[in-house]
Structures are given as C-alpha cells and as structure tokens.
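Student: One structure, as structure tokens, below. Some questions next.
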Amino acid sequence: MKLATWNVNSLNVRLPRLLDWLAASAPDVVCLQETKLEDLRFPRDEIAAAGYRAHAHGQKTYNGVAILVRDGLVCDDVATGIPGFADEQKRVIAATVGGVRVVCAYVPNGQSVDSDKYRYKLAWCEAATGYLRDALAGHRELAFAGDLNIAPQPADVHDPALWEGQVLCSGPERAAFERWLALGLKDSFRLFEQPPRTFSWWDYRQLAFPKNHGLRIDHILVSDALATRCASCTIDRAARKGEKPSDHAPVIAQFRGRDATAGA
DNA sequence: ATGGCAATGTTTCATTGA
C-alpha cells in the first residue's frame with residue numbers, strides 16, 4: 001500500500017496538479033489538507049474519473065481535509081473531527097483502508113508563540129493526543145498523516161538557529177510531537193536513512209525553494225505494527241517545482257504485503 | 001532596515017499561512 005499526504009493549499013487551484021500527480025504516482029490513499037472547499041463543492045467527479053473515491057471534511061477559505069481512496073480498496077468507518085473537542089475548524093478526517101486506520105490531520109499553524117492561535121494549537125495537539133490514544137487502542141495498524149505543522153528536530157529546519165523557539169519549532173510544540181511518539185507512533189521518515197536537508201515546506205518568498213530554505217512539517221507517523229511493514233518514506237520534492245505549486249510537497253510511505261496493489 | 005508570495009473573500013485591501 002502506498003500512502004501519501006499533501007497540503008495542496010486550495011484544491012480549487014491545485015486540482016489539475018493533483019490529477020497529474022495521481023496519474024504519475026499512483027498512490028492507494030491520499031490525505032489532503034487545506035482544501036479550502038465546502039463538501040458540496042468538492043471535485044468528486046474529477047477525482048472519481050481519476051480512479052479515486054473522495055471523503056471530504058471542509059469549509060470555505062480556510063482548513064479542510066480529505067482522504068482519497070483508490071477504487072477497489074475497502075474503506076469504512078469514516079469519521080470527522082475530534083470527539084469531545086468542539087472545533088469550528090475542519091482539521092481531521094479518518095477512515096479505515098485495507099485494515100489500516102488512516103487519520104488525516106491539518107494541525108493549526110499557531111502564527112506566533114505569543115498569540116491566541118498558538119494557545120489554540122497547543123490545546124488542539126493535546127486533544128489530538130487523547131484522540132490518537134483511543135484510536136490506537138482499537139487499531140493495531142494506524143497512520144497519523146498530515147500537515148502536523150511541527151518541525152520535530154533541528155535537522156528538520158534549514159537554519160535551526162534562526163528558527164529556535166519560533167512557532168513550528170518551539171519547545172511546547174516539539175513536546176506535543178514527542179507525546180504522539182510516546183503513544184507508540186514512529187516517524188516513518190526517520191525509519192530510513194535520508195538525504196540531509198530534506199524538507200516538505202518552503203516559503204513562497206525569498207527564493208526559499210531554490211535555496212532549499214525549508215522545514216519538514218508534513219509527516220506520516222505509524223504505529224509499531226504498521227512500522228514493521230513500512231518499506232520506505234520519501235518526500236516528492238519535484239511536486240514543488242513548476243508553475244503554481246503548493247508551498248508543500250507530498251510525503252509518501254510504502255507498506256509491504258496484505259494487498260494486491262502494493263508496489264515493490 | 002525591511003519585505004519579499006499566494007489564496008481567499010470581506011476584493012482593489014486585509015487576513016492568513018508557516
């Protein structure tokens with residue numbers, strides 16, 4: 001099974017790119033963030049024509065998440081939001097695909113460490129911890145995938161000194177990320193040797209992408225049972241190139257066994 | 001010393017992102 005996560009920064013704008021990317025990459029499951037679309041406006045027909053069923057949880061202008069599932073894969077128990085955490089913002093959708101619980105999340109940005117948005121981010125992360133603890137109790141194989149908006153280590157930052165203590169890199173955010181790992185999740189990217197300075201997001205400004213001034217803030221965390229089947233985790237930097245890219249690149253994890261569509 | 005890009009709706013600027 002090939003699982004991807006991609007913050008598309010407006011699905012309206014990025015649909016042609018997404019369709020090209022689906023055809024070229026042939027993922028089985030795709031978690032999308034920042035669709036910025038109400039569910040009634042979700043481009044289900046175009047995505048169906050590409051061979052995927054879409055499950056969406058969106059709103060206009062901001063946020064919005066979705067899970068795309070390749071035709072033929074068994075998908076059930078779609079759920080949205082975090083039970084017990086009242087949230088106007090559409091940031092979580094989950095589904096069980098081929099026996100794997102896939103939790104797709106768009107973690108709040110936080111804006112700056114002295115803002116109300118930062119306090120909301122930390123509260124949101126705490127609620128997510130409880131949500132994941134419960135989900136892991138019911139599913140041996142779970143993937144927590146999305147724009148988690150946290151660079152967990154200095155190695156995930158192009159200039160660690162510049163970002164020290166800033167939003168996305170602050171101690172409380174990194175502690176929240178560590179609590180997710182402490183639940184029994186692994187950062188699939190770090191299960192493998194990786195090229196240094198591999199990132200998933202680059203600012204649109206300052207020629208950040210050509211200079212590789214990025215952060216690794218998009219992640220696929222996997223339960224221990226799923227980690228044993230994980231064969232690779234890569235970031236598709238090429239998808240950030242060209243005209244009208246998203247500022248994020250897709251992260252892709254491959255898992256061995258258990259279904260006929262699994263790649264090498 | 002500073003902003004620099006992109007998307008959206010409240011649209012011809014303000015807000016947000018990260």
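Residues are referred to by chain and number: the chain letter is A, B, ... according to the order shown in the structure tokens, the number counts from 1 in that chain, and ligands are numbered separately from 1 in the order shown.
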Can you pull out every residue within 9 Å of Ser232 in chain A, counting only C-alpha atoms (C1' of nucleotides), but drop anything in the same chain fewer than 6 positions away, and send it as a VMD selection string?
Tutor: chain A and resid 188 to 189 191 to 192 252 to 255
Student: Could you write those residues out with C-alpha atoms, as a JSON list (two decimals), in the first residue's frame?
Tutor:
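See selection-v7.json below for the written result:
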```
[["chain", "number", "residue", "atom", "x", "y", "z"],
["A", 188, "SER", "CA", 8.19, 6.86, 9.25],
["A", 189, "PHE", "CA", 10.62, 9.26, 7.56],
["A", 191, "LEU", "CA", 12.88, 4.79, 9.96],
["A", 192, "PHE", "CA", 15.20, 5.11, 6.95],
["A", 252, "ILE", "CA", 4.81, 9.17, 0.59],
["A", 253, "ALA", "CA", 5.12, 5.97, 2.62],
["A", 254, "GLN", "CA", 5.06, 2.45, 1.18],
["A", 255, "PHE", "CA", 3.95, -0.63, 3.12]]
```
Student: Could you pull the residues within 10 Å of range 183-185 of chain A, counting only C-alpha atoms (C1' of nucleotides), minus those fewer than 3 positions along the same chain, as a ChimeraX atom specification?
Tutor: /A:129-130,132-133,136,142-144,178-180,188,220-227
Student: What's around Ala239 in chain A at 8 Å? Count only C-alpha atoms (C1' of nucleotides), leave out sequence neighbours fewer than 5 positions away in its own chain, and write the answer as an MDAnalysis selection string.
Tutor: chainID A and resid 21 245 249:250
Student: What's the separation between CA of Val107 in chain A and CA of Pro196 in chain A, in Å to one decimal place?
Tutor: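 Rounded to one decimal, the two atoms are 25.0 Å apart.
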Student: Using only C-alpha atoms (C1' of nucleotides), which protein or nucleic acid residues come within 12 Å of Arg119 in chain A? Drop anything in the same chain fewer than 6 positions from it, and give the result as a ChimeraX atom specification.
Tutor: /A:108-113,125-126,167,172-173
Student: Quick one: pull the distance between CA of Ala231 in chain A and CA of Leu15 in chain A, Å, one decimal.
Tutor: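 That distance, rounded to one decimal, is 28.7 Å.
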Student: Check the DSSP output for the backbone and give back, as a PyMOL selection string, the residues of range 13-230 of chain A in strand (DSSP E or B).
Tutor: chain A and resi 29-33+52-57+65-70+75-80+92-97+100-106+142-147+157+185-187+201-202+214-215+218-223+230
Student: Selection from above, C-alpha atoms, as a PDB file, in the first residue's frame, can you write it?
Tutor:
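Saved the output as result.pdb:
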```pdb
ATOM      1  CA  VAL A  29      -4.538   6.502  -0.236  1.00  0.00           C
ATOM      2  CA  VAL A  30      -4.029  10.273  -0.237  1.00  0.00           C
ATOM      3  CA  CYS A  31      -4.548  12.575   2.736  1.00  0.00           C
ATOM      4  CA  LEU A  32      -5.146  16.176   1.676  1.00  0.00           C
ATOM      5  CA  GLN A  33      -5.023  19.345   3.766  1.00  0.00           C
ATOM      6  CA  TYR A  52     -10.433   7.534  -6.508  1.00  0.00           C
ATOM      7  CA  ARG A  53     -13.293   7.905  -4.054  1.00  0.00           C
ATOM      8  CA  ALA A  54     -13.173  11.104  -2.028  1.00  0.00           C
ATOM      9  CA  HIS A  55     -14.154  11.567   1.604  1.00  0.00           C
ATOM     10  CA  ALA A  56     -14.100  15.256   2.493  1.00  0.00           C
ATOM     11  CA  HIS A  57     -14.488  17.418   5.585  1.00  0.00           C
ATOM     12  CA  VAL A  65      -9.164  17.879   4.858  1.00  0.00           C
ATOM     13  CA  ALA A  66      -9.950  14.869   2.701  1.00  0.00           C
ATOM     14  CA  ILE A  67      -8.984  11.244   2.153  1.00  0.00           C
ATOM     15  CA  LEU A  68      -8.844   9.827  -1.374  1.00  0.00           C
ATOM     16  CA  VAL A  69      -9.044   6.056  -1.722  1.00  0.00           C
ATOM     17  CA  ARG A  70      -8.142   4.200  -4.863  1.00  0.00           C
ATOM     18  CA  CYS A  75     -12.716   1.706   3.037  1.00  0.00           C
ATOM     19  CA  ASP A  76     -15.030   2.118   6.004  1.00  0.00           C
ATOM     20  CA  ASP A  77     -15.640   3.872   9.321  1.00  0.00           C
ATOM     21  CA  VAL A  78     -15.124   7.388   8.003  1.00  0.00           C
ATOM     22  CA  ALA A  79     -15.158   9.852  10.914  1.00  0.00           C
ATOM     23  CA  THR A  80     -14.573  13.588  11.176  1.00  0.00           C
ATOM     24  CA  VAL A  92      -9.444  15.938  10.961  1.00  0.00           C
ATOM     25  CA  ILE A  93     -10.875  13.089   8.916  1.00  0.00           C
ATOM     26  CA  ALA A  94     -10.194   9.392   9.435  1.00  0.00           C
ATOM     27  CA  ALA A  95     -11.003   6.183   7.593  1.00  0.00           C
ATOM     28  CA  THR A  96     -10.014   2.538   7.736  1.00  0.00           C
ATOM     29  CA  VAL A  97      -8.481   1.465   4.436  1.00  0.00           C
ATOM     30  CA  VAL A 100      -5.205   0.411   8.356  1.00  0.00           C
ATOM     31  CA  ARG A 101      -6.711   3.262  10.360  1.00  0.00           C
ATOM     32  CA  VAL A 102      -5.692   6.424   8.493  1.00  0.00           C
ATOM     33  CA  VAL A 103      -6.002   9.681  10.452  1.00  0.00           C
ATOM     34  CA  CYS A 104      -5.579  12.739   8.235  1.00  0.00           C
ATOM     35  CA  ALA A 105      -4.889  15.967  10.113  1.00  0.00           C
ATOM     36  CA  TYR A 106      -4.200  19.620   9.499  1.00  0.00           C
ATOM     37  CA  LEU A 142      -2.624   3.169  12.322  1.00  0.00           C
ATOM     38  CA  ALA A 143      -1.116   6.033  10.341  1.00  0.00           C
ATOM     39  CA  PHE A 144      -1.312   9.627  11.548  1.00  0.00           C
ATOM     40  CA  ALA A 145      -0.631  11.620   8.405  1.00  0.00           C
ATOM     41  CA  GLY A 146      -0.840  15.262   7.553  1.00  0.00           C
ATOM     42  CA  ASP A 147       0.466  18.762   7.838  1.00  0.00           C
ATOM     43  CA  VAL A 157      14.956  23.011   9.848  1.00  0.00           C
ATOM     44  CA  LEU A 185       3.951   6.033  16.952  1.00  0.00           C
ATOM     45  CA  LYS A 186       7.082   6.268  14.829  1.00  0.00           C
ATOM     46  CA  ASP A 187       8.117   8.999  12.407  1.00  0.00           C
ATOM     47  CA  TRP A 201       7.571  23.022   3.024  1.00  0.00           C
ATOM     48  CA  TRP A 202       9.267  26.090   1.564  1.00  0.00           C
ATOM     49  CA  GLY A 214      12.590  24.687   4.116  1.00  0.00           C
ATOM     50  CA  LEU A 215      11.114  22.857   7.062  1.00  0.00           C
ATOM     51  CA  ASP A 218       4.429  17.215   6.979  1.00  0.00           C
ATOM     52  CA  HIS A 219       4.622  13.736   8.437  1.00  0.00           C
ATOM     53  CA  ILE A 220       3.392  10.158   8.365  1.00  0.00           C
ATOM     54  CA  LEU A 221       3.555   8.683  11.871  1.00  0.00           C
ATOM     55  CA  VAL A 222       2.893   4.953  12.080  1.00  0.00           C
ATOM     56  CA  SER A 223       2.010   2.534  14.866  1.00  0.00           C
ATOM     57  CA  CYS A 230       6.931   0.150   6.227  1.00  0.00           C
TER      58      CYS A 230
END
```
Student: Give me, please, the distance in Å between CA of Val13 in chain A and CA of Ala26 in chain A, quoted to one decimal.
Tutor: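 Spanning CA of Val13 in chain A to CA of Ala26 in chain A is a straight-line distance of 20.8 Å.
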Student: Only residues of chain A matter here; which ones have an atom within 8 Å of chain B, counting only C-alpha atoms (C1' of nucleotides)? Give them as an NGL selection string.
Tutor: :A and (9-10 or 61 or 109 or 111 or 149 or 168 or 203-206)
Student: Please provide the set of residues having any atom within 8 Å of Val8 in chain A, restricted to only C-alpha atoms (C1' of nucleotides), with same-chain residues fewer than 6 positions apart removed, written as a PyMOL selection string.
Tutor: chain A and resi 14+32-35+246-248
Student: Taking only range 167-248 of chain A into account, list the residues labelled helix (DSSP H, G or I) by DSSP (computed from the backbone), as a short mmCIF file (atom, residue, chain, number, x, y, z; two decimals) with C-alpha atoms, in the first residue's frame.
Tutor:
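The resulting result.cif:
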```cif
data_model
loop_
_atom_site.label_atom_id
_atom_site.label_comp_id
_atom_site.auth_asym_id
_atom_site.auth_seq_id
_atom_site.Cartn_x
_atom_site.Cartn_y
_atom_site.Cartn_z
CA GLY A 171 9.67 23.55 22.92
CA PRO A 172 5.98 23.04 23.73
CA GLU A 173 5.18 22.10 20.13
CA ARG A 174 8.07 19.64 19.98
CA ALA A 175 6.96 18.21 23.33
CA ALA A 176 3.49 17.64 21.85
CA PHE A 177 5.06 15.82 18.91
CA GLU A 178 7.10 13.68 21.36
CA ARG A 179 3.90 12.78 23.22
CA TRP A 180 2.48 11.43 19.96
CA LEU A 181 5.59 9.30 19.56
CA ALA A 182 5.27 8.17 23.19
CA SER A 188 8.19 6.86 9.25
CA PHE A 189 10.62 9.26 7.56
CA ARG A 190 13.20 8.56 10.26
CA LEU A 191 12.88 4.79 9.96
CA ASP A 224 4.61 -0.09 15.76
CA ALA A 225 2.66 -2.83 13.97
CA LEU A 226 2.44 -0.74 10.80
CA ALA A 227 6.09 0.30 11.10
CA ARG A 237 10.35 17.46 -3.93
CA ALA A 238 9.65 17.51 -7.68
CA ALA A 239 5.98 18.22 -6.94
CA ARG A 240 7.03 21.63 -5.52
#
```
